[in-house]
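Text of run_0.tsv, listed as TSV, C-alpha atoms:
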chain	number	residue	atom	x	y	z
A	1	MET	CA	54.77	68.69	119.27
A	2	THR	CA	56.53	66.60	121.88
A	3	GLU	CA	57.68	63.04	121.65
A	4	THR	CA	54.96	60.62	122.64
A	5	HIS	CA	55.17	57.05	121.48
A	6	LEU	CA	58.85	56.77	120.65
A	7	GLU	CA	60.38	57.33	124.03
A	8	HIS	CA	58.75	57.01	127.39
A	9	VAL	CA	60.25	56.49	130.78
A	10	GLY	CA	60.20	52.85	131.79
A	11	HIS	CA	58.46	52.39	135.12
A	12	GLN	CA	61.69	51.23	136.72
A	13	PHE	CA	63.38	54.57	136.05
A	14	GLU	CA	63.06	57.85	137.91
A	15	ASP	CA	63.35	60.04	134.85
A	16	PHE	CA	64.68	60.21	131.31
A	17	ALA	CA	68.19	61.07	132.41
A	18	GLN	CA	68.47	57.93	134.48
A	19	GLN	CA	67.01	55.84	131.68
A	20	ARG	CA	69.52	57.24	129.24
A	21	GLU	CA	72.37	56.58	131.62
A	22	ALA	CA	71.13	53.01	132.04
A	23	ASN	CA	71.07	52.56	128.26
A	24	THR	CA	74.62	53.82	128.01
A	25	LEU	CA	75.78	51.58	130.85
A	26	GLY	CA	74.07	48.63	129.19
A	27	MET	CA	76.04	49.11	126.00
A	28	TRP	CA	79.25	49.64	127.95
A	29	ALA	CA	78.61	46.44	129.93
A	30	PHE	CA	78.36	44.63	126.61
A	31	LEU	CA	81.54	46.33	125.35
A	32	VAL	CA	83.35	45.14	128.49
A	33	THR	CA	82.48	41.57	127.53
A	34	GLU	CA	83.70	42.31	124.01
A	35	VAL	CA	87.04	43.55	125.36
A	36	MET	CA	87.48	40.21	127.10
A	37	PHE	CA	86.27	38.37	124.00
A	38	PHE	CA	89.04	39.88	121.91
A	39	GLY	CA	91.26	39.91	124.99
A	40	GLY	CA	91.64	36.15	124.93
A	41	LEU	CA	93.05	36.33	121.42
A	42	PHE	CA	95.29	39.23	122.36
A	43	ALA	CA	96.63	37.17	125.28
A	44	ALA	CA	97.41	34.23	122.98
A	45	TYR	CA	99.06	36.62	120.56
A	46	THR	CA	101.15	38.22	123.32
A	47	LEU	CA	102.35	34.86	124.54
A	48	TYR	CA	103.39	33.49	121.17
A	49	ARG	CA	104.91	36.74	119.96
A	50	TRP	CA	107.11	36.67	123.06
A	51	ALA	CA	108.01	33.06	122.40
A	52	TYR	CA	108.68	33.28	118.67
A	53	LEU	CA	109.51	36.91	118.00
A	54	HIS	CA	111.86	36.32	115.08
A	55	ASP	CA	109.35	34.28	113.11
A	56	PHE	CA	106.52	36.62	114.02
A	57	VAL	CA	108.55	39.51	112.62
A	58	ALA	CA	109.09	37.62	109.38
A	59	ALA	CA	105.42	36.65	109.07
A	60	SER	CA	104.28	40.17	109.93
A	61	GLN	CA	106.42	41.59	107.17
A	62	SER	CA	104.54	39.50	104.61
A	63	LEU	CA	101.39	41.46	105.37
A	64	SER	CA	100.64	44.45	103.18
A	65	LEU	CA	101.62	47.55	105.12
A	66	PHE	CA	99.88	49.69	102.51
A	67	TRP	CA	96.50	48.02	102.82
A	68	GLY	CA	96.76	47.84	106.59
A	69	THR	CA	97.45	51.56	106.83
A	70	VAL	CA	94.64	52.37	104.39
A	71	ASN	CA	92.25	50.25	106.44
A	72	THR	CA	93.28	52.03	109.63
A	73	PHE	CA	92.63	55.36	107.97
A	74	VAL	CA	89.26	54.12	106.69
A	75	LEU	CA	88.15	53.04	110.16
A	76	LEU	CA	89.35	56.18	111.93
A	77	PHE	CA	87.51	58.23	109.33
A	78	SER	CA	84.39	56.13	109.85
A	79	SER	CA	84.49	56.90	113.58
A	80	LEU	CA	84.43	60.57	112.63
A	81	THR	CA	81.43	60.06	110.33
A	82	VAL	CA	79.62	58.21	113.14
A	83	VAL	CA	80.16	61.01	115.62
A	84	LEU	CA	79.05	63.54	113.00
A	85	ALA	CA	75.90	61.46	112.49
A	86	VAL	CA	75.21	61.62	116.24
A	87	ARG	CA	75.78	65.36	116.13
A	88	ALA	CA	73.36	65.75	113.20
A	89	ALA	CA	70.78	63.74	115.14
A	90	GLN	CA	71.29	65.95	118.20
A	91	MET	CA	70.60	68.97	116.03
A	92	GLY	CA	67.54	67.33	114.56
A	93	ARG	CA	68.87	67.45	111.02
A	94	ARG	CA	67.60	64.39	109.19
A	95	LYS	CA	69.37	64.64	105.86
A	96	PRO	CA	72.90	65.07	107.24
A	97	LEU	CA	72.16	62.27	109.70
A	98	ILE	CA	71.28	59.88	106.90
A	99	GLY	CA	74.22	61.14	104.87
A	100	TRP	CA	76.77	60.52	107.60
A	101	LEU	CA	75.29	57.10	108.36
A	102	ILE	CA	75.56	56.10	104.71
A	103	ALA	CA	79.13	57.41	104.63
A	104	THR	CA	79.88	55.17	107.61
A	105	ILE	CA	78.38	52.18	105.82
A	106	VAL	CA	80.42	52.89	102.69
A	107	LEU	CA	83.61	53.12	104.74
A	108	GLY	CA	82.76	49.90	106.56
A	109	LEU	CA	82.22	48.11	103.27
A	110	ALA	CA	85.47	49.54	101.94
A	111	PHE	CA	87.25	48.11	104.97
A	112	LEU	CA	85.72	44.70	104.36
A	113	GLY	CA	86.57	44.88	100.66
A	114	ILE	CA	90.21	45.61	101.44
A	115	LYS	CA	90.25	42.76	103.93
A	116	ALA	CA	88.95	40.49	101.17
A	117	ILE	CA	91.82	41.58	98.95
A	118	GLU	CA	94.30	40.83	101.72
A	119	TYR	CA	92.78	37.44	102.44
A	120	GLY	CA	92.94	36.66	98.72
A	121	ASP	CA	96.65	37.43	98.84
A	122	LYS	CA	97.08	35.04	101.73
A	123	PHE	CA	95.37	32.25	99.85
A	124	ALA	CA	97.50	32.90	96.79
A	125	HIS	CA	100.72	32.74	98.78
A	126	HIS	CA	99.68	29.62	100.69
A	127	HIS	CA	99.75	31.47	103.97
A	128	VAL	CA	96.51	29.97	105.18
A	129	PRO	CA	97.13	27.64	108.12
A	130	GLY	CA	96.45	24.01	107.35
A	131	PRO	CA	97.66	21.36	104.94
A	132	SER	CA	98.29	23.89	102.17
A	133	PHE	CA	100.52	26.13	104.29
A	134	GLU	CA	103.91	26.93	102.84
A	135	TRP	CA	106.62	29.07	104.31
A	136	HIS	CA	109.96	29.75	102.72
A	137	HIS	CA	112.24	32.42	103.87
A	138	ALA	CA	115.91	32.92	104.34
A	139	GLY	CA	117.50	33.97	107.57
A	140	HIS	CA	118.40	31.99	110.60
A	141	GLY	CA	117.08	31.89	114.07
A	142	THR	CA	113.79	30.65	115.34
A	143	GLY	CA	113.99	32.46	118.60
A	144	VAL	CA	114.48	29.23	120.48
A	145	VAL	CA	118.04	29.05	121.67
A	146	ARG	CA	118.95	25.73	123.10
A	147	GLU	CA	121.88	25.05	125.27
A	148	GLU	CA	124.44	22.76	123.65
A	149	HIS	CA	122.26	22.22	120.62
A	150	THR	CA	122.44	23.95	117.30
A	151	PRO	CA	119.33	23.28	115.30
A	152	SER	CA	119.91	21.66	111.94
A	153	LEU	CA	118.72	23.46	108.85
A	154	GLU	CA	115.75	21.16	108.53
A	155	GLU	CA	114.82	21.56	112.15
A	156	GLU	CA	115.09	25.31	111.86
A	157	ALA	CA	112.93	25.36	108.73
A	158	PHE	CA	110.39	23.12	110.44
A	159	LEU	CA	110.17	25.38	113.44
A	160	GLN	CA	110.09	28.56	111.38
A	161	LYS	CA	107.22	27.22	109.34
A	162	ARG	CA	105.46	26.18	112.49
A	163	HIS	CA	105.81	29.54	114.16
A	164	ALA	CA	104.79	31.39	111.01
A	165	GLN	CA	101.71	29.22	110.78
A	166	LEU	CA	100.91	30.17	114.36
A	167	PHE	CA	101.15	33.82	113.45
A	168	PHE	CA	98.77	33.38	110.55
A	169	SER	CA	96.34	31.39	112.69
A	170	LEU	CA	96.22	34.32	115.08
A	171	TYR	CA	96.03	36.75	112.15
A	172	PHE	CA	92.98	35.05	110.66
A	173	ALA	CA	91.31	34.51	114.02
A	174	MET	CA	91.75	38.11	115.14
A	175	THR	CA	91.02	39.90	111.88
A	176	GLY	CA	88.26	37.41	111.07
A	177	LEU	CA	86.51	38.00	114.38
A	178	HIS	CA	86.98	41.71	113.84
A	179	ALA	CA	85.50	41.47	110.33
A	180	VAL	CA	82.44	39.67	111.72
A	181	HIS	CA	81.99	42.58	114.12
A	182	MET	CA	82.32	45.01	111.22
A	183	ILE	CA	79.60	43.17	109.29
A	184	ILE	CA	77.31	43.40	112.32
A	185	GLY	CA	78.21	47.09	112.60
A	186	VAL	CA	77.31	47.73	108.97
A	187	GLY	CA	74.00	45.97	109.58
A	188	LEU	CA	73.38	48.18	112.64
A	189	MET	CA	74.13	51.32	110.65
A	190	SER	CA	71.75	50.18	107.90
A	191	TRP	CA	69.01	49.76	110.48
A	192	LEU	CA	69.75	53.27	111.71
A	193	VAL	CA	69.40	54.61	108.16
A	194	TYR	CA	65.99	52.99	108.06
A	195	LEU	CA	65.02	54.51	111.42
A	196	ALA	CA	66.15	57.95	110.33
A	197	TYR	CA	64.44	57.63	106.96
A	198	ARG	CA	61.19	56.76	108.70
A	199	ASN	CA	61.47	59.88	110.89
A	200	LYS	CA	61.88	57.90	114.09
A	201	ILE	CA	64.97	59.88	115.12
A	202	THR	CA	64.42	63.37	116.47
A	203	LYS	CA	66.31	66.02	118.34
A	204	SER	CA	65.00	64.65	121.62
A	205	TYR	CA	65.22	60.96	120.76
A	206	TYR	CA	68.48	59.88	119.17
A	207	GLU	CA	69.42	57.10	121.56
A	208	PRO	CA	69.77	54.39	118.88
A	209	ILE	CA	72.30	56.49	116.97
A	210	GLU	CA	74.37	57.18	120.06
A	211	ILE	CA	74.33	53.63	121.40
A	212	SER	CA	75.09	52.04	118.02
A	213	GLY	CA	77.84	54.59	117.65
A	214	LEU	CA	79.44	53.25	120.83
A	215	TYR	CA	79.57	49.79	119.25
A	216	TRP	CA	81.14	51.12	116.07
A	217	HIS	CA	83.80	53.06	117.97
A	218	PHE	CA	84.66	49.93	119.91
A	219	VAL	CA	85.21	47.97	116.69
A	220	ASP	CA	87.46	50.81	115.54
A	221	ILE	CA	89.44	50.66	118.79
A	222	VAL	CA	90.01	46.93	118.36
A	223	TRP	CA	91.53	47.63	114.95
A	224	ILE	CA	93.63	50.46	116.42
A	225	PHE	CA	95.37	47.77	118.45
A	226	LEU	CA	95.28	45.02	115.83
A	227	PHE	CA	97.08	47.13	113.23
A	228	PRO	CA	100.36	47.78	115.08
A	229	LEU	CA	100.38	44.31	116.65
A	230	LEU	CA	99.94	42.43	113.40
A	231	TYR	CA	101.41	44.74	110.76
A	232	LEU	CA	104.02	46.80	112.56
A	233	ILE	CA	106.02	44.33	114.64
A	234	ASP	CA	109.23	45.33	112.91
A	235	ARG	CA	109.55	46.97	109.53
A	236	SER	CA	113.11	48.09	110.01
A	237	THR	CA	114.76	45.15	108.27
A	238	SER	CA	113.61	42.60	105.79
A	239	HIS	CA	113.39	39.12	107.19
A	240	ILE	CA	111.69	37.47	104.30
A	241	GLY	CA	113.18	36.33	101.06
B	242	MET	CA	64.46	78.38	116.70
B	243	SER	CA	66.88	78.45	119.56
B	244	THR	CA	68.94	75.44	120.44
B	245	HIS	CA	68.24	73.88	123.78
B	246	GLU	CA	71.17	74.14	126.07
B	247	HIS	CA	69.36	73.05	129.17
B	248	ALA	CA	67.75	69.67	129.61
B	249	ASN	CA	64.47	69.42	127.79
B	250	GLU	CA	61.55	67.41	129.10
B	251	HIS	CA	63.28	64.22	128.02
B	252	GLY	CA	66.37	64.88	130.11
B	253	ASN	CA	68.54	65.08	127.03
B	254	GLU	CA	71.30	67.49	127.82
B	255	HIS	CA	73.03	68.48	124.64
B	256	HIS	CA	76.16	66.63	125.62
B	257	GLY	CA	78.02	66.76	122.41
B	258	ASP	CA	81.13	68.57	121.38
B	259	SER	CA	81.63	71.15	118.72
B	260	LEU	CA	82.55	70.25	115.18
B	261	GLY	CA	85.94	71.82	115.76
B	262	VAL	CA	86.70	69.43	118.60
B	263	TYR	CA	85.81	66.40	116.47
B	264	LEU	CA	87.96	67.56	113.58
B	265	ALA	CA	90.86	68.30	115.90
B	266	VAL	CA	90.63	64.83	117.42
B	267	PHE	CA	90.52	63.31	113.93
B	268	ALA	CA	93.59	65.29	112.90
B	269	ALA	CA	95.39	64.05	116.01
B	270	LEU	CA	94.43	60.46	115.15
B	271	MET	CA	95.87	60.91	111.66
B	272	VAL	CA	99.13	62.30	113.00
B	273	LEU	CA	99.42	59.42	115.46
B	274	LEU	CA	98.77	56.95	112.63
B	275	VAL	CA	101.61	58.40	110.58
B	276	ILE	CA	103.93	58.38	113.60
B	277	THR	CA	103.21	54.79	114.45
B	278	VAL	CA	103.89	53.62	110.90
B	279	VAL	CA	107.10	55.65	110.60
B	280	VAL	CA	108.43	54.47	113.98
B	281	SER	CA	108.05	50.85	112.86
B	282	PHE	CA	110.76	51.46	110.29
B	283	PHE	CA	113.30	52.14	113.01
B	284	HIS	CA	114.61	49.50	115.33
B	285	PHE	CA	114.95	50.92	118.81
B	286	GLY	CA	114.94	47.55	120.50
B	287	ASN	CA	112.68	44.58	121.00
B	288	THR	CA	111.14	46.11	124.10
B	289	ILE	CA	111.15	49.75	123.10
B	290	ASN	CA	109.43	49.40	119.73
B	291	PRO	CA	106.35	47.56	121.05
B	292	MET	CA	106.18	49.98	123.98
B	293	ILE	CA	106.10	52.95	121.63
B	294	ALA	CA	103.53	51.28	119.38
B	295	MET	CA	101.27	50.38	122.31
B	296	THR	CA	101.59	53.83	123.87
B	297	ILE	CA	100.49	55.41	120.61
B	298	ALA	CA	97.63	52.90	120.27
B	299	ILE	CA	96.50	53.61	123.83
B	300	ILE	CA	96.50	57.36	123.16
B	301	LYS	CA	94.46	56.85	119.99
B	302	ALA	CA	91.99	54.62	121.83
B	303	ALA	CA	91.74	57.15	124.66
B	304	LEU	CA	90.96	59.94	122.17
B	305	VAL	CA	88.21	57.85	120.58
B	306	ILE	CA	86.77	56.87	123.96
B	307	ILE	CA	86.88	60.31	125.56
B	308	PHE	CA	85.76	62.41	122.61
B	309	PHE	CA	84.02	60.24	120.00
B	310	MET	CA	82.27	58.03	122.52
B	311	HIS	CA	81.41	61.10	124.59
B	312	VAL	CA	82.72	59.50	127.75
B	313	ARG	CA	84.02	62.87	128.90
B	314	HIS	CA	80.41	64.00	129.25
B	315	GLN	CA	79.18	60.88	130.94
B	316	THR	CA	78.68	60.09	134.58
B	317	HIS	CA	81.49	58.63	136.63
B	318	LEU	CA	79.78	55.26	136.65
B	319	VAL	CA	80.24	55.09	132.89
B	320	TRP	CA	83.92	55.97	133.38
B	321	VAL	CA	84.24	53.02	135.77
B	322	PHE	CA	82.70	50.65	133.21
B	323	ALA	CA	84.89	51.94	130.39
B	324	GLY	CA	88.08	51.84	132.41
B	325	GLY	CA	87.23	48.59	134.16
B	326	SER	CA	87.27	46.61	130.94
B	327	PHE	CA	90.93	47.39	130.39
B	328	PHE	CA	91.65	46.60	134.01
B	329	PHE	CA	90.38	43.05	133.53
B	330	LEU	CA	92.32	42.71	130.28
B	331	ALA	CA	95.44	43.76	132.14
B	332	ILE	CA	94.84	41.03	134.72
B	333	LEU	CA	94.57	38.44	131.96
B	334	LEU	CA	97.76	39.57	130.22
B	335	TYR	CA	99.73	40.02	133.40
B	336	PHE	CA	99.16	36.56	134.81
B	337	VAL	CA	99.48	34.71	131.50
B	338	MET	CA	102.79	36.36	130.70
B	339	SER	CA	104.27	36.28	134.19
B	340	ASP	CA	103.53	32.55	134.29
B	341	ALA	CA	105.00	31.75	130.87
B	342	MET	CA	108.04	33.94	131.22
B	343	THR	CA	109.09	32.47	134.55
B	344	ARG	CA	108.85	28.80	133.66
B	345	ASP	CA	111.81	26.49	133.23
B	346	TRP	CA	111.05	25.35	129.71
B	347	ARG	CA	112.50	22.00	128.71
B	348	ASP	CA	111.99	19.75	125.72
B	349	SER	CA	111.13	16.06	125.99
B	350	THR	CA	114.75	15.00	126.37
B	351	GLY	CA	115.21	17.36	129.29
B	352	ARG	CA	117.31	19.88	127.42
B	353	SER	CA	116.83	23.32	128.79
B	354	LEU	CA	115.29	25.88	126.48
B	355	THR	CA	115.61	29.57	127.06
B	356	GLN	CA	112.17	30.10	125.61
B	357	MET	CA	109.01	28.18	125.09
B	358	GLU	CA	108.93	25.46	122.50
B	359	VAL	CA	106.02	23.12	122.50
B	360	LEU	CA	106.60	19.87	120.67
B	361	PRO	CA	104.19	19.02	117.88
B	362	GLY	CA	101.43	16.61	118.72
B	363	PRO	CA	100.01	13.90	116.47
B	364	PHE	CA	97.30	16.12	115.00
B	365	GLU	CA	99.74	18.79	114.03
B	366	LEU	CA	102.06	16.29	112.38
B	367	LEU	CA	99.07	14.90	110.50
B	368	MET	CA	98.19	18.38	109.25
B	369	GLN	CA	101.75	18.80	108.08
B	370	ASP	CA	101.28	15.86	105.77
B	371	GLY	CA	103.45	13.32	107.50
B	372	GLU	CA	106.35	15.50	108.51
B	373	THR	CA	108.45	14.18	111.34
B	374	TYR	CA	110.03	15.91	114.25
B	375	PRO	CA	112.92	16.24	114.53
B	376	PRO	CA	112.99	16.53	110.75
B	377	VAL	CA	114.83	13.81	108.88
B	378	ALA	CA	117.03	15.02	106.06
B	379	THR	CA	116.46	12.19	103.62
B	380	GLU	CA	115.41	12.04	100.00
B	381	SER	CA	111.92	11.04	101.01
B	382	ALA	CA	111.47	14.00	103.33
B	383	PRO	CA	108.40	16.04	102.36
B	384	GLN	CA	109.01	19.48	100.84

Let me see the file written as C-alpha cells.
Amino acid sequence: MTETHLEHVGHQFEDFAQQREANTLGMWAFLVTEVMFFGGLFAAYTLYRWAYLHDFVAASQSLSLFWGTVNTFVLLFSSLTVVLAVRAAQMGRRKPLIGWLIATIVLGLAFLGIKAIEYGDKFAHHHVPGPSFEWHHAGHGTGVVREEHTPSLEEEAFLQKRHAQLFFSLYFAMTGLHAVHMIIGVGLMSWLVYLAYRNKITKSYYEPIEISGLYWHFVDIVWIFLFPLLYLIDRSTSHIG
Amino acid sequence: MSTHEHANEHGNEHHGDSLGVYLAVFAALMVLLVITVVVSFFHFGNTINPMIAMTIAIIKAALVIIFFMHVRHQTHLVWVFAGGSFFFLAILLYFVMSDAMTRDWRDSTGRSLTQMEVLPGPFELLMQDGETYPPVATESAPQ
C-alpha cells in the first residue's frame, strides 16, 4: 500500500526530493527571520552589558543559577526526544513516535513551569521593571567612570538601580519572547501527536515531524545562548548584598 | 521487512543518524553544559570569560544544528540558509558595537565619560516616582 492522499508532488516541483528540500528551506527561511527577531534583543543586550557591566553582573547574580541550569538541561533533553521522535517516524513506529512527542511536550511544560517559578521570584523581590522596582545592593562602581567627578552615594545608587532595571527589562523581554515561542512549540508538538494518533504519519511521510522538529531545535538554540548571557555573566564573586 | 536504504518512490532517503550518534551528541551537550557553568565561577577576565562562554554556546548550537537538525545530511543550499542567518546577526552586532564603542560619550554638561551614560528622560523619571537626577540627598528624597 503506497501513500496516496497524504503526500503528492506539487505541480511546481520536479519530484518528491525537490519538494522536501523546498519544505526544509521554507522552514529555514523562517528560522533566519527568527534569528534576526531575537537578534535585535541580543544586540540591545550586548550594548548595555558593555556599557554597564558591573551592574549587569550584580543583577545576573540575583537570578537562580540552579533553575537556569535545570531549564537548560530540560531543553537539551527535549531536543533529544524530538530527534528520537523523528527517528521513530522514519522507522514507521507509531507508538514510540507518540511517546517521544509526549515526552517533548512534558519537558516543554516543565520548562515553562520553572520559568513561572522564576518570574514569581522576580515579582516577590520587586525586580520587575516599572514603578515597583527596587534594587539594593552593596558595592561601589556603576561602570561609568567620569573624569574629575566622583559620583555621590545617591548618584551611584540611582545609576545602579537604573542599570539593574535595564538588565531586568532585557531579561523579561528575552525570556518572555522565548517562552512565547516555547508555548507555540508545545502547541505544534500537540498537533503532531494528533497527526500521529490519527495514522497520518508513515515511514514515507513524516515531513511534519521533521519540520516542526527544526522549529523546536531553534527554540532550544536560543536558550543555549540566553542561559550563559543572562545567568552566567560572572559567578566568581558576589556582588549583591 | 527490510529497511529501505535507497530512496523510495517518495524520494525519502533515510537521512537520519543512528541512535548512538544522537546519544553521543547529547552526552557532549551535557558535558559542555557542566563546563560552561563551572567556568563561570572563575574570573579569567572581562573579555576572556564571555569569549569562553560564547565559544561553548556556539559549539553546542553547532552540534544541535548539524546532528539534531540533520543539516549534515542536507543539501548545500540548506547549509547556506542555516549559516547565513548568523552572518546577518554578526553584521548587526558588529556595526552596533563598533559605533557605540568608538563614540566620544559626554553628559549634558560636557563632561567626558569613558563609557555610555544616557541621562534619564521625563518618562523614566516619572516611572521612578518623582526621583530627580542628579539625586538630591535631602530628607524628602524618595527611598

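Any residue of chain A with an atom within 6 Å of chain B counts; using all atoms listed in the file, that gives Phe16, Ala17, Val32, Ala43, Ala51, Val83, Pro131, Val144, Val145, Arg146, Glu154, Glu155, Leu214, Ile221, Phe225, Leu232, Asp234, Arg235 and Ser236 of chain A.
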
- Query: Distance CA of Tyr45 in chain A-CA of Leu170 in chain A, one decimal place?
  - Reply: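 Computed distance, CA of Tyr45 in chain A to CA of Leu170 in chain A, equals 6.6 Å.
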
- Task: Could you check which of A:His163, A:Ser212, A:Thr202, A:Tyr197 is closest to Gly185 in chain A, using all atoms listed in the file?
- Result: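 The shortest atom-to-atom distance to Gly185 in chain A comes from A:Ser212.
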
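The space between CA of His136 in chain A and CA of Gln160 in chain A spans 8.7 Å.
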
- Query: Which residues come within 9 Å of range 109-118 of chain A, counting all atoms listed in the file, excluding same-chain residues fewer than 4 positions away, as a PyMOL selection string?
  - Reply: chain A and resi 63-64+67-68+70-72+74-75+104-105+122-123+175+179+182-183+186

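Picture a line from CA of Trp135 in chain A to CA of Ala164 in chain A; it runs 7.3 Å.
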
- Message: Residues near Lys203 in chain A, anyone? I mean within 7 Å using all atoms listed in the file, not counting same-chain ones fewer than 3 positions away, as a list in words.
- Response: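 In the requested format, the answer is Ala89, Gln90, Met91, Gly92 and Tyr206 of chain A.
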
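Minimum atom-to-atom distance to Thr33 in chain A, evaluated using all atoms listed in the file, belongs to A:Phe218 out of A:Trp100, A:Phe218, A:Tyr48, A:Trp223.
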
Would you compute, for all listed atoms of range 331-341 of chain B, the axis-aligned bounding box grown by 8 Å on each side, and then report its centre and edge lengths in Å rounded to one decimal, as JSON?
{"center_x": 99.8, "center_y": 37.8, "center_z": 132.5, "size_x": 26.4, "size_y": 28.0, "size_z": 20.6}
